[in-house]
Amino acid sequence: MIVADKKPIEEIIEEIKEHEKILILGCNECVTVCEAGGKKEVGVLASALRMYFLNQGRNVTIDEVTLERQCDHEYLEEIRDRMDQYDAVVSIACGVGVQFMAEKYHDTPVYPGVNTCFLGVTEKRGLWTERCQACGQCILASTGGICPVSRCAKRLLNGPCGGSVRGSCEINKDIDCAWQLIIDRLKALDRLDDYEKICALKDWSFDRAGGPRKVVREDVQE
Amino acid sequence: MRLQYPTDIKIILLPCTGKLDVLHILHAFEKGADGVYAVGCMEGDCHYNSGNLRARKRVEQARHILDVIGMGGERVQMYNLSSSEGPRFAQIAVEMDERIRNLGPNPIKRAKHRAA
Ligand code: SF4
Ligand code: SF4
Ligand code: FES
């Protein structure tokens with residue numbers, strides 16, 4: 001999933017302080033799971049903002065809506081009828097949601113209420129860690145299912161650098177060395193031969209180096 | 001044992017303080033509460049193991065939010081005591097009552113009043 005973290009309320013107040021009628025818009029998917037932008041967080045943020053403005057002596061409307069997703073037309077359409085009531089939106093979906101919202105409601109300012117961080121997993125409640133950088137050409141087949149693109153600090157594709165120490169990465173001993181993990185897993189799978197295979201130059205044009213990306217699937221288009 | 005404690009405290013019973021959410025605390029303030037405190041079992045004695053530890057974190061979160069929005073984080077507090085400590089319960093009530101009286105009423109209550 002996409003992992004995000006809450007923005008400090010101070011920062012959100014700074015973004016929206018000029019507005020009078022504000023919609024706080026949550027998303028039921030990824031950001032709900034990482035407890036940054038779901039219905040509950042919408043409630044907390046909205047309540048805090050209502051009190052903040054009242055305390056400032058200002059009568060600001062703060063409404064709450066949480067959509068199923070903010071990255072699909074159909075869900076964003078659900079609020080079309082009420083959008084003329086607002087002069088600003090704080091979206092606490094990931095950056096994708098914020099942007100799609102802004103694209104669809106061209107005349108209404110949309111502000112981000114979270115920091116979108118990475119594609120990752122919930123290791124346990126309150127701990128999310130990165131697993132994928134969407135490089136566009138997945139090489140997990142040859143790396144024991146562990147991604148060196150996202151998990152090796154140097155994105156090395158053919159074994160560890162010289163700084164790998166007792167399983168830790170040289171940039172921080174609290175970070176596992178991705179290559180140690182890969183080798184351990186290949187060993188467990190009895191596929192250490194894979195480690196001997198040279199990974200040829202990766203085509204980074206499928207990654208961000210090629211500019212904004214697109215997936216076109218004519219077979220499923222209408 | 002009949003103990004006296006301030007009458008303007010409204011007690012809301014929860015099966016365990018673990019049920020308490022930040023949202024409950026914030027909504028209480030939005031509705032005009034001057035202060036909120038949670039009273040849970042002693043740490044280590046929660047019947048659901050960690051309910052009171054979670055409650056403490058939520059109280060901390062609410063406290064932080066109230067500080068940021070200028071309402072005063074001291075208006076929220078977590079207490080732990082065992083069920084045999086009636087006098088301590090009354091003492092906490094007096095303590096909190098005094099603290100809140102010193103802080104004065106919930107500022108948004110006044111603001112709402114002005115707006116009306
Ligand atoms: S808007 Fe972002 S957080 Fe919400 S479902 Fe789409 S990708 Fe996930
Ligand atoms: S190799 Fe690329 S697509 Fe596969 S997990 Fe790593 S970053 Fe993601
Ligand atoms: S049972 Fe959980 S705090 Fe008392």
# chains A, B, ... in the order shown; residues from 1 in each chain; ligands from 1

$ residues_around --residues "Arg101 (chain B)" --least-positions-apart "4" --cutoff "12 Å" --atoms "only C-alpha atoms" --output "PyMOL selection string"
chain B and resi 6+8+34-35+74-75+94-97+105-106

$ write_last_selection --atoms "C-alpha atoms" --output "short mmCIF file (atom, residue, chain, number, x, y, z; two decimals), in the first residue's frame"
data_model
loop_
_atom_site.label_atom_id
_atom_site.label_comp_id
_atom_site.auth_asym_id
_atom_site.auth_seq_id
_atom_site.Cartn_x
_atom_site.Cartn_y
_atom_site.Cartn_z
CA PRO B 6 -16.95 18.21 43.29
CA ASP B 8 -19.73 19.43 38.47
CA ASP B 34 -13.72 22.58 30.54
CA GLY B 35 -11.49 19.61 31.26
CA GLU B 74 -3.31 20.81 30.80
CA ARG B 75 -7.06 20.44 30.47
CA VAL B 94 -10.68 17.78 43.75
CA GLU B 95 -7.25 18.18 42.16
CA MET B 96 -8.61 18.26 38.61
CA ASP B 97 -11.49 20.55 39.60
CA PRO B 105 -13.67 27.92 31.31
CA ASN B 106 -13.22 26.26 27.92
#

$ residues_near_ligand --ligand "ligand 3" --cutoff "9 Å" --atoms "only C-alpha atoms and all ligand atoms" --output "PyMOL selection string"
chain B and resi 14-19+39-43+45-53+55+80+82-83

$ interface_residues --of "chain B" --to "chain A" --cutoff "6 Å" --atoms "only C-alpha atoms" --output "list in words"
Leu23, Ile69, Ile108 and Ala111 of chain B

$ write_last_selection --atoms "N, CA and C atoms" --output "short mmCIF file (atom, residue, chain, number, x, y, z; two decimals), in the first residue's frame"
data_model
loop_
_atom_site.label_atom_id
_atom_site.label_comp_id
_atom_site.auth_asym_id
_atom_site.auth_seq_id
_atom_site.Cartn_x
_atom_site.Cartn_y
_atom_site.Cartn_z
N LEU B 23 -10.85 11.08 19.74
CA LEU B 23 -12.04 11.75 19.23
C LEU B 23 -13.04 12.02 20.36
N ILE B 69 -3.66 23.93 19.22
CA ILE B 69 -4.74 24.83 18.80
C ILE B 69 -5.02 25.91 19.85
N ILE B 108 -13.52 28.01 23.91
CA ILE B 108 -14.43 28.06 22.76
C ILE B 108 -15.88 28.22 23.21
N ALA B 111 -16.24 31.76 23.00
CA ALA B 111 -16.27 32.18 21.59
C ALA B 111 -17.63 31.86 20.98
#

$ residues_near_ligand --ligand "ligand 1" --cutoff "12 Å" --atoms "only C-alpha atoms and all ligand atoms" --output "ChimeraX atom specification"
/A:1-5,25-39,66-73,75-76,91-101,112-120

$ residues_around --residues "Tyr5 (chain B)" --least-positions-apart "4" --cutoff "10 Å" --atoms "only C-alpha atoms" --output "list in words"
Ile9, Pro87, Phe89, Ala90, Gln91, Ile92, Ala93, Val94, Glu95 and Asp97 of chain B

$ residues_near_ligand --ligand "ligand 2" --cutoff "6 Å" --atoms "only C-alpha atoms and all ligand atoms" --output "list of chain:residue names"
A:Cys132, A:Gln133, A:Ala134, A:Cys135, A:Gly136, A:Gln137, A:Cys138, A:Ile139, A:Leu140, A:Cys147, A:Val149, A:Ser150
